[in-house]
$ cat work_25.csv   # CSV, C-alpha atoms
chain,number,residue,atom,x,y,z
A,1,MET,CA,12.3,-128.9,-14.4
A,2,PRO,CA,12.6,-126.6,-11.4
A,3,ALA,CA,9.2,-124.9,-11.8
A,4,ALA,CA,7.5,-128.3,-11.8
A,5,ALA,CA,9.6,-129.4,-8.9
A,6,VAL,CA,8.5,-126.4,-6.8
A,7,ASP,CA,4.9,-127.1,-7.5
A,8,VAL,CA,5.3,-130.8,-6.6
A,9,MET,CA,7.1,-129.8,-3.3
A,10,ALA,CA,4.3,-127.4,-2.4
A,11,HIS,CA,1.6,-130.0,-3.1
A,12,ALA,CA,3.5,-132.7,-1.1
A,13,ARG,CA,4.0,-130.3,1.8
A,14,LYS,CA,0.2,-129.6,1.8
A,15,LEU,CA,-0.6,-133.3,1.8
A,16,VAL,CA,1.8,-133.9,4.7
A,17,GLN,CA,0.2,-131.0,6.7
A,18,GLN,CA,-3.3,-132.5,6.0
A,19,GLY,CA,-2.1,-136.0,7.0
A,20,SER,CA,-0.5,-134.6,10.2
A,21,ALA,CA,-3.8,-132.9,11.2
A,22,GLU,CA,-5.7,-136.2,10.6
A,23,LEU,CA,-3.2,-138.2,12.6
A,24,ALA,CA,-3.3,-135.7,15.4
A,25,ARG,CA,-7.1,-135.9,15.6
A,26,GLY,CA,-6.9,-139.7,15.7
A,27,SER,CA,-4.4,-139.6,18.5
A,28,GLN,CA,-6.5,-137.2,20.5
A,29,SER,CA,-9.7,-139.1,20.1
A,30,GLY,CA,-8.4,-142.0,22.1
A,31,GLN,CA,-9.1,-144.6,19.4
A,32,TRP,CA,-5.4,-145.8,19.1
A,33,PRO,CA,-3.5,-147.9,21.6
A,34,ALA,CA,-0.7,-146.1,23.5
A,35,ASP,CA,2.1,-147.7,21.5
A,36,VAL,CA,0.5,-146.6,18.2
A,37,VAL,CA,0.1,-143.0,19.6
A,38,ARG,CA,3.8,-143.0,20.4
A,39,GLN,CA,4.6,-144.1,16.9
A,40,LEU,CA,2.4,-141.5,15.4
A,41,ASP,CA,4.1,-138.8,17.5
A,42,GLU,CA,7.4,-140.0,16.2
A,43,VAL,CA,6.1,-139.8,12.6
A,44,GLN,CA,5.1,-136.2,13.3
A,45,LYS,CA,8.6,-135.4,14.6
A,46,GLN,CA,10.4,-136.9,11.7
A,47,PHE,CA,8.1,-135.1,9.2
A,48,ALA,CA,8.8,-131.8,11.0
A,49,LEU,CA,12.5,-132.4,10.6
A,50,LEU,CA,12.1,-133.2,6.9
A,51,ASP,CA,9.9,-130.1,6.4
A,52,GLU,CA,12.7,-128.0,7.9
A,53,LEU,CA,15.4,-129.5,5.7
A,54,THR,CA,13.4,-129.1,2.5
A,55,ALA,CA,13.0,-125.3,3.3
A,56,VAL,CA,16.8,-124.5,3.2
A,57,PRO,CA,18.7,-123.5,0.1
A,58,THR,CA,19.7,-126.4,-2.0
A,59,SER,CA,23.3,-127.7,-2.0
A,60,ARG,CA,25.0,-131.1,-2.4
A,61,ALA,CA,25.0,-131.5,1.4
A,62,ALA,CA,21.4,-130.4,1.8
A,63,VAL,CA,20.2,-132.8,-0.9
A,64,VAL,CA,22.0,-135.7,0.9
A,65,ALA,CA,20.5,-134.6,4.2
A,66,VAL,CA,17.0,-134.5,2.8
A,67,SER,CA,17.4,-137.9,1.2
A,68,GLU,CA,18.6,-139.4,4.5
A,69,GLN,CA,15.8,-137.8,6.5
A,70,SER,CA,13.2,-138.9,4.1
A,71,ASP,CA,14.3,-142.5,4.5
A,72,ARG,CA,14.2,-142.1,8.3
A,73,THR,CA,10.7,-140.7,8.0
A,74,LEU,CA,9.5,-143.5,5.8
A,75,LEU,CA,10.8,-146.1,8.3
A,76,VAL,CA,8.7,-144.8,11.2
A,77,ALA,CA,5.7,-144.2,8.9
A,78,GLN,CA,5.9,-147.8,7.6
A,79,ALA,CA,6.2,-149.2,11.1
A,80,VAL,CA,3.0,-147.4,12.3
A,81,THR,CA,1.2,-148.3,9.1
A,82,GLU,CA,1.9,-152.0,9.7
A,83,ALA,CA,0.7,-151.7,13.3
A,84,ILE,CA,-2.6,-150.2,12.2
A,85,GLU,CA,-2.9,-152.8,9.5
A,86,LYS,CA,-2.7,-155.5,12.0
A,87,MET,CA,-5.4,-153.9,14.1
A,88,ALA,CA,-7.8,-154.1,11.1
A,89,ARG,CA,-7.4,-157.9,11.0
A,90,VAL,CA,-8.7,-158.1,7.4
A,91,ALA,CA,-6.8,-159.1,4.3
A,92,SER,CA,-7.7,-156.0,2.4
A,93,ALA,CA,-6.0,-153.8,4.9
A,94,ARG,CA,-2.7,-155.4,3.8
A,95,LEU,CA,-3.6,-154.6,0.2
A,96,VAL,CA,-4.2,-150.9,1.0
A,97,ASN,CA,-0.7,-150.8,2.6
A,98,LEU,CA,0.9,-152.7,-0.2
A,99,ALA,CA,-0.6,-150.5,-2.9
A,100,GLY,CA,0.2,-147.4,-0.9
A,101,ARG,CA,3.8,-148.4,-0.5
A,102,GLN,CA,4.1,-148.7,-4.3
A,103,ARG,CA,3.5,-145.0,-4.5
A,104,MET,CA,6.5,-144.4,-2.1
A,105,LEU,CA,8.7,-146.9,-4.0
A,106,SER,CA,8.0,-145.1,-7.3
A,107,GLN,CA,9.1,-141.8,-5.8
A,108,ARG,CA,12.1,-143.1,-4.0
A,109,MET,CA,13.4,-144.8,-7.1
A,110,ALA,CA,13.0,-141.5,-9.0
A,111,LYS,CA,14.7,-139.7,-6.1
A,112,ASN,CA,17.7,-142.0,-6.1
A,113,TYR,CA,18.0,-141.8,-9.9
A,114,PHE,CA,18.3,-138.0,-9.5
A,115,LEU,CA,20.9,-138.5,-6.7
A,116,VAL,CA,22.9,-140.4,-9.3
A,117,ALA,CA,22.4,-137.6,-11.8
A,118,ALA,CA,23.6,-135.1,-9.2
A,119,LYS,CA,26.6,-137.3,-8.4
A,120,ALA,CA,25.4,-137.4,-4.8
A,121,ASP,CA,24.9,-141.2,-4.9
A,122,SER,CA,26.6,-143.9,-2.9
A,123,LYS,CA,26.7,-147.6,-2.7
A,124,LEU,CA,23.7,-147.5,-0.4
A,125,VAL,CA,21.7,-145.4,-2.9
A,126,LEU,CA,22.4,-147.8,-5.8
A,127,ALA,CA,21.6,-150.8,-3.6
A,128,GLN,CA,18.3,-149.2,-2.5
A,129,LEU,CA,17.4,-148.4,-6.1
A,130,ALA,CA,17.9,-152.0,-7.2
A,131,ALA,CA,16.1,-153.3,-4.1
A,132,ASP,CA,13.1,-151.0,-4.5
A,133,ALA,CA,12.7,-152.1,-8.2
A,134,ASN,CA,12.6,-155.7,-7.0
A,135,ASP,CA,10.2,-154.9,-4.2
A,136,PHE,CA,7.9,-153.1,-6.7
A,137,ARG,CA,7.8,-156.1,-9.0
A,138,GLN,CA,7.1,-158.5,-6.2
A,139,ALA,CA,4.3,-156.3,-4.8
A,140,MET,CA,2.7,-156.0,-8.2
A,141,GLN,CA,2.6,-159.8,-8.4
A,142,SER,CA,1.0,-160.0,-4.9
A,143,LEU,CA,-1.6,-157.5,-5.9
A,144,VAL,CA,-2.5,-159.3,-9.1
A,145,ALA,CA,-2.8,-162.6,-7.2
A,146,ALA,CA,-4.9,-161.2,-4.4
A,147,PRO,CA,-8.5,-162.4,-4.1
A,148,VAL,CA,-9.8,-158.8,-3.5
A,149,SER,CA,-10.6,-157.6,-7.0
A,150,THR,CA,-13.1,-155.7,-9.0
A,151,PRO,CA,-13.2,-154.7,-12.7
A,152,ALA,CA,-11.9,-151.3,-11.7
A,153,ILE,CA,-9.1,-152.7,-9.6
A,154,ARG,CA,-8.1,-155.1,-12.4
A,155,GLY,CA,-8.1,-152.3,-14.9
A,156,GLU,CA,-5.8,-150.1,-12.8
A,157,LEU,CA,-3.5,-153.1,-12.2
A,158,GLU,CA,-3.1,-153.6,-15.9
A,159,LEU,CA,-2.5,-149.9,-16.4
A,160,ALA,CA,0.1,-149.9,-13.5
A,161,ALA,CA,1.9,-152.9,-15.1
A,162,SER,CA,2.2,-151.0,-18.4
A,163,GLN,CA,3.3,-147.8,-16.7
A,164,TRP,CA,5.9,-149.8,-14.7
A,165,VAL,CA,7.4,-151.0,-18.0
A,166,PHE,CA,7.9,-147.4,-19.1
A,167,PHE,CA,9.3,-146.3,-15.8
A,168,GLU,CA,11.7,-149.2,-15.5
A,169,SER,CA,12.9,-148.5,-19.0
A,170,ALA,CA,13.5,-144.8,-18.0
A,171,LEU,CA,15.5,-145.8,-14.9
A,172,ARG,CA,17.9,-147.8,-17.1
A,173,ARG,CA,18.7,-144.7,-19.2
A,174,PRO,CA,21.9,-142.7,-18.6
A,175,ALA,CA,21.4,-140.1,-15.8
A,176,ASP,CA,21.5,-137.1,-18.2
A,177,GLU,CA,19.0,-134.4,-19.1
A,178,GLN,CA,16.9,-136.7,-21.3
A,179,GLY,CA,17.0,-139.5,-18.8
A,180,MET,CA,16.0,-137.2,-15.9
A,181,SER,CA,13.1,-135.9,-18.0
A,182,ALA,CA,11.9,-139.4,-18.8
A,183,VAL,CA,12.2,-140.6,-15.2
A,184,ALA,CA,10.3,-137.5,-13.9
A,185,ALA,CA,7.5,-138.0,-16.4
A,186,THR,CA,7.1,-141.8,-16.0
A,187,SER,CA,7.4,-141.8,-12.2
A,188,GLU,CA,4.6,-139.2,-11.9
A,189,ARG,CA,2.3,-141.2,-14.3
A,190,LEU,CA,3.0,-144.4,-12.3
A,191,LEU,CA,2.3,-142.5,-9.0
A,192,SER,CA,-1.0,-141.3,-10.4
A,193,VAL,CA,-2.1,-144.9,-11.3
A,194,MET,CA,-1.0,-146.3,-7.9
A,195,GLU,CA,-2.8,-143.4,-6.1
A,196,ARG,CA,-6.1,-144.4,-7.8
A,197,LEU,CA,-5.4,-148.1,-7.1
A,198,THR,CA,-4.8,-147.4,-3.4
A,199,GLY,CA,-8.1,-145.5,-3.3
A,200,LEU,CA,-9.9,-148.5,-4.8
A,201,TYR,CA,-8.5,-150.8,-2.2
A,202,GLU,CA,-9.4,-148.3,0.6
A,203,ALA,CA,-13.0,-148.4,-0.7
A,204,ALA,CA,-13.0,-152.2,-0.7
A,205,LEU,CA,-11.7,-152.1,2.9
A,206,ARG,CA,-14.4,-149.7,4.0
A,207,GLU,CA,-17.0,-152.0,2.5
A,208,VAL,CA,-15.6,-155.0,4.4
A,209,LEU,CA,-15.4,-153.1,7.7
A,210,GLY,CA,-18.9,-151.6,7.2
$ encode --input "work_25.csv" --output "structure tokens"
Amino acid sequence: MPAAAVDVMAHARKLVQQGSAELARGSQSGQWPADVVRQLDEVQKQFALLDELTAVPTSRAAVVAVSEQSDRTLLVAQAVTEAIEKMARVASARLVNLAGRQRMLSQRMAKNYFLVAAKADSKLVLAQLAADANDFRQAMQSLVAAPVSTPAIRGELELAASQWVFFESALRRPADEQGMSAVAATSERLLSVMERLTGLYEAALREVLG
């Protein structure tokens, strides 16, 4: 689905640029501690490298390089997210991070499935795919058990659970054309649900923080 992939890449690049601008304003405002500012700067550097790699013509080597750089970017982004979460000192901040991380996991599982299909996989990719599926299941259990809940949150959690069933089933399919189509479709649907859920937790956090 190359046309759809180009559209998704363009949308993702736009989101990254918007996020980078917001992070830059936060750093310049003086509201973050110095160590967080340094982490945010590192996130910007890693995103810039990733942006460069995704602009080159595709090849087996380029695909592997992009995959590895995306993982490095995620590591530094997760580290600064956890640092900011601790600054909030409220339970719902962790839920925002947890729900938001589910979005990443859904996309990384899809990415790694496609690496298998492209025969660009490795033991690390296969291990990461299995670990991410386990992390996603555990995080869903944590979100369901969390005391922060509204009818809207409960509804999205139920929908996320059903979409996860479809996505997990697609991941078990052979990495052929039909399998790739199924993974592409179900991962995007799961991402959409988790995006809405993250927004609901963010709203709950804003209410707590006033």
$ closest_atom_pairs --input "work_25.csv" --of "range 53-147 of chain A" --to "range 178-190 of chain A" --cutoff "7 Å" --atoms "all atoms listed in the file" --output "CSV"
residue,atom,partner,partner_atom,distance
A:Ser106,CA,A:Ser187,CA,5.9
A:Gln107,CA,A:Ser187,CA,6.6
A:Ala110,CA,A:Val183,CA,6.3
A:Phe114,CA,A:Met180,CA,6.8
$ closest_residue --input "work_25.csv" --among "A:Leu40, A:Val193, A:Ala34, A:Val63" --to "Leu115 in chain A" --atoms "all atoms listed in the file"
A:Val63
$ atom_distance --input "work_25.csv" --atom1 "CA of Val6 in chain A" --atom2 "CA of Thr58 in chain A"
12.2 Å
$ atom_distance --input "work_25.csv" --atom1 "CA of Leu159 in chain A" --atom2 "CA of Leu205 in chain A"
21.5 Å
$ residues_near_point --input "work_25.csv" --point "(18.3, -145.6, -4.7)" --cutoff "8 Å" --atoms "all atoms listed in the file" --output "list in words"
Arg108, Met109, Ala110, Lys111, Asn112, Tyr113, Leu115, Asp121, Leu124, Val125, Leu126, Ala127, Gln128, Leu129, Ala130 and Asp132 of chain A
$ closest_residue --input "work_25.csv" --among "A:Met87, A:Ala48, A:Ala93, A:Ala55" --to "Arg72 in chain A" --atoms "all atoms listed in the file"
A:Ala48
$ residues_around --input "work_25.csv" --residues "Gly155 in chain A" --least-positions-apart "4" --cutoff "12 Å" --atoms "all atoms listed in the file" --output "PDB file with C-alpha atoms, in the coordinates of the input"
ATOM      1  CA  VAL A 144      -2.500-159.300  -9.100  1.00  0.00           C
ATOM      2  CA  SER A 149     -10.600-157.600  -7.000  1.00  0.00           C
ATOM      3  CA  THR A 150     -13.100-155.700  -9.000  1.00  0.00           C
ATOM      4  CA  PRO A 151     -13.200-154.700 -12.700  1.00  0.00           C
ATOM      5  CA  LEU A 159      -2.500-149.900 -16.400  1.00  0.00           C
ATOM      6  CA  ALA A 160       0.100-149.900 -13.500  1.00  0.00           C
ATOM      7  CA  ALA A 161       1.900-152.900 -15.100  1.00  0.00           C
ATOM      8  CA  SER A 162       2.200-151.000 -18.400  1.00  0.00           C
ATOM      9  CA  VAL A 193      -2.100-144.900 -11.300  1.00  0.00           C
ATOM     10  CA  MET A 194      -1.000-146.300  -7.900  1.00  0.00           C
ATOM     11  CA  ARG A 196      -6.100-144.400  -7.800  1.00  0.00           C
ATOM     12  CA  LEU A 197      -5.400-148.100  -7.100  1.00  0.00           C
ATOM     13  CA  LEU A 200      -9.900-148.500  -4.800  1.00  0.00           C
TER      14      LEU A 200
END
$ atom_distance --input "work_25.csv" --atom1 "CA of Val43 in chain A" --atom2 "CA of Glu195 in chain A"
21.0 Å
$ closest_residue --input "work_25.csv" --among "A:Ala5, A:Ala91, A:Met140, A:Ala175" --to "Leu105 in chain A" --atoms "all atoms listed in the file"
A:Met140
$ residues_around --input "work_25.csv" --residues "range 35-37 of chain A" --least-positions-apart "4" --cutoff "12 Å" --atoms "only C-alpha atoms" --output "PDB file with C-alpha atoms, in the frame of the given file"
ATOM      1  CA  LEU A  23      -3.200-138.200  12.600  1.00  0.00           C
ATOM      2  CA  ALA A  24      -3.300-135.700  15.400  1.00  0.00           C
ATOM      3  CA  ARG A  25      -7.100-135.900  15.600  1.00  0.00           C
ATOM      4  CA  GLY A  26      -6.900-139.700  15.700  1.00  0.00           C
ATOM      5  CA  SER A  27      -4.400-139.600  18.500  1.00  0.00           C
ATOM      6  CA  GLN A  28      -6.500-137.200  20.500  1.00  0.00           C
ATOM      7  CA  SER A  29      -9.700-139.100  20.100  1.00  0.00           C
ATOM      8  CA  GLY A  30      -8.400-142.000  22.100  1.00  0.00           C
ATOM      9  CA  GLN A  31      -9.100-144.600  19.400  1.00  0.00           C
ATOM     10  CA  ASP A  41       4.100-138.800  17.500  1.00  0.00           C
ATOM     11  CA  GLU A  42       7.400-140.000  16.200  1.00  0.00           C
ATOM     12  CA  VAL A  43       6.100-139.800  12.600  1.00  0.00           C
ATOM     13  CA  GLN A  44       5.100-136.200  13.300  1.00  0.00           C
ATOM     14  CA  VAL A  76       8.700-144.800  11.200  1.00  0.00           C
ATOM     15  CA  ALA A  77       5.700-144.200   8.900  1.00  0.00           C
ATOM     16  CA  GLN A  78       5.900-147.800   7.600  1.00  0.00           C
ATOM     17  CA  ALA A  79       6.200-149.200  11.100  1.00  0.00           C
ATOM     18  CA  VAL A  80       3.000-147.400  12.300  1.00  0.00           C
ATOM     19  CA  THR A  81       1.200-148.300   9.100  1.00  0.00           C
ATOM     20  CA  GLU A  82       1.900-152.000   9.700  1.00  0.00           C
ATOM     21  CA  ALA A  83       0.700-151.700  13.300  1.00  0.00           C
ATOM     22  CA  ILE A  84      -2.600-150.200  12.200  1.00  0.00           C
ATOM     23  CA  GLU A  85      -2.900-152.800   9.500  1.00  0.00           C
ATOM     24  CA  LYS A  86      -2.700-155.500  12.000  1.00  0.00           C
ATOM     25  CA  MET A  87      -5.400-153.900  14.100  1.00  0.00           C
TER      26      MET A  87
END
$ closest_residue --input "work_25.csv" --among "A:Ser67, A:Ser92, A:Ser142, A:Asn97" --to "Ser122 in chain A" --atoms "all atoms listed in the file"
A:Ser67
$ axis_aligned_box --input "work_25.csv" --around "range 176-186 of chain A" --padding-each-side "6 Å" --output "JSON"
{"center_x": 14.3, "center_y": -138.1, "center_z": -17.6, "size_x": 26.4, "size_y": 19.4, "size_z": 19.4}
$ residues_near_point --input "work_25.csv" --point "(-1.2, -154.5, -1.2)" --cutoff "9 Å" --atoms "all atoms listed in the file" --output "ChimeraX atom specification"
/A:92-102,139-140,142-143,146,198,201
$ closest_residue --input "work_25.csv" --among "A:Val64, A:Pro33, A:Val16, A:Leu157" --to "Phe47 in chain A" --atoms "all atoms listed in the file"
A:Val16
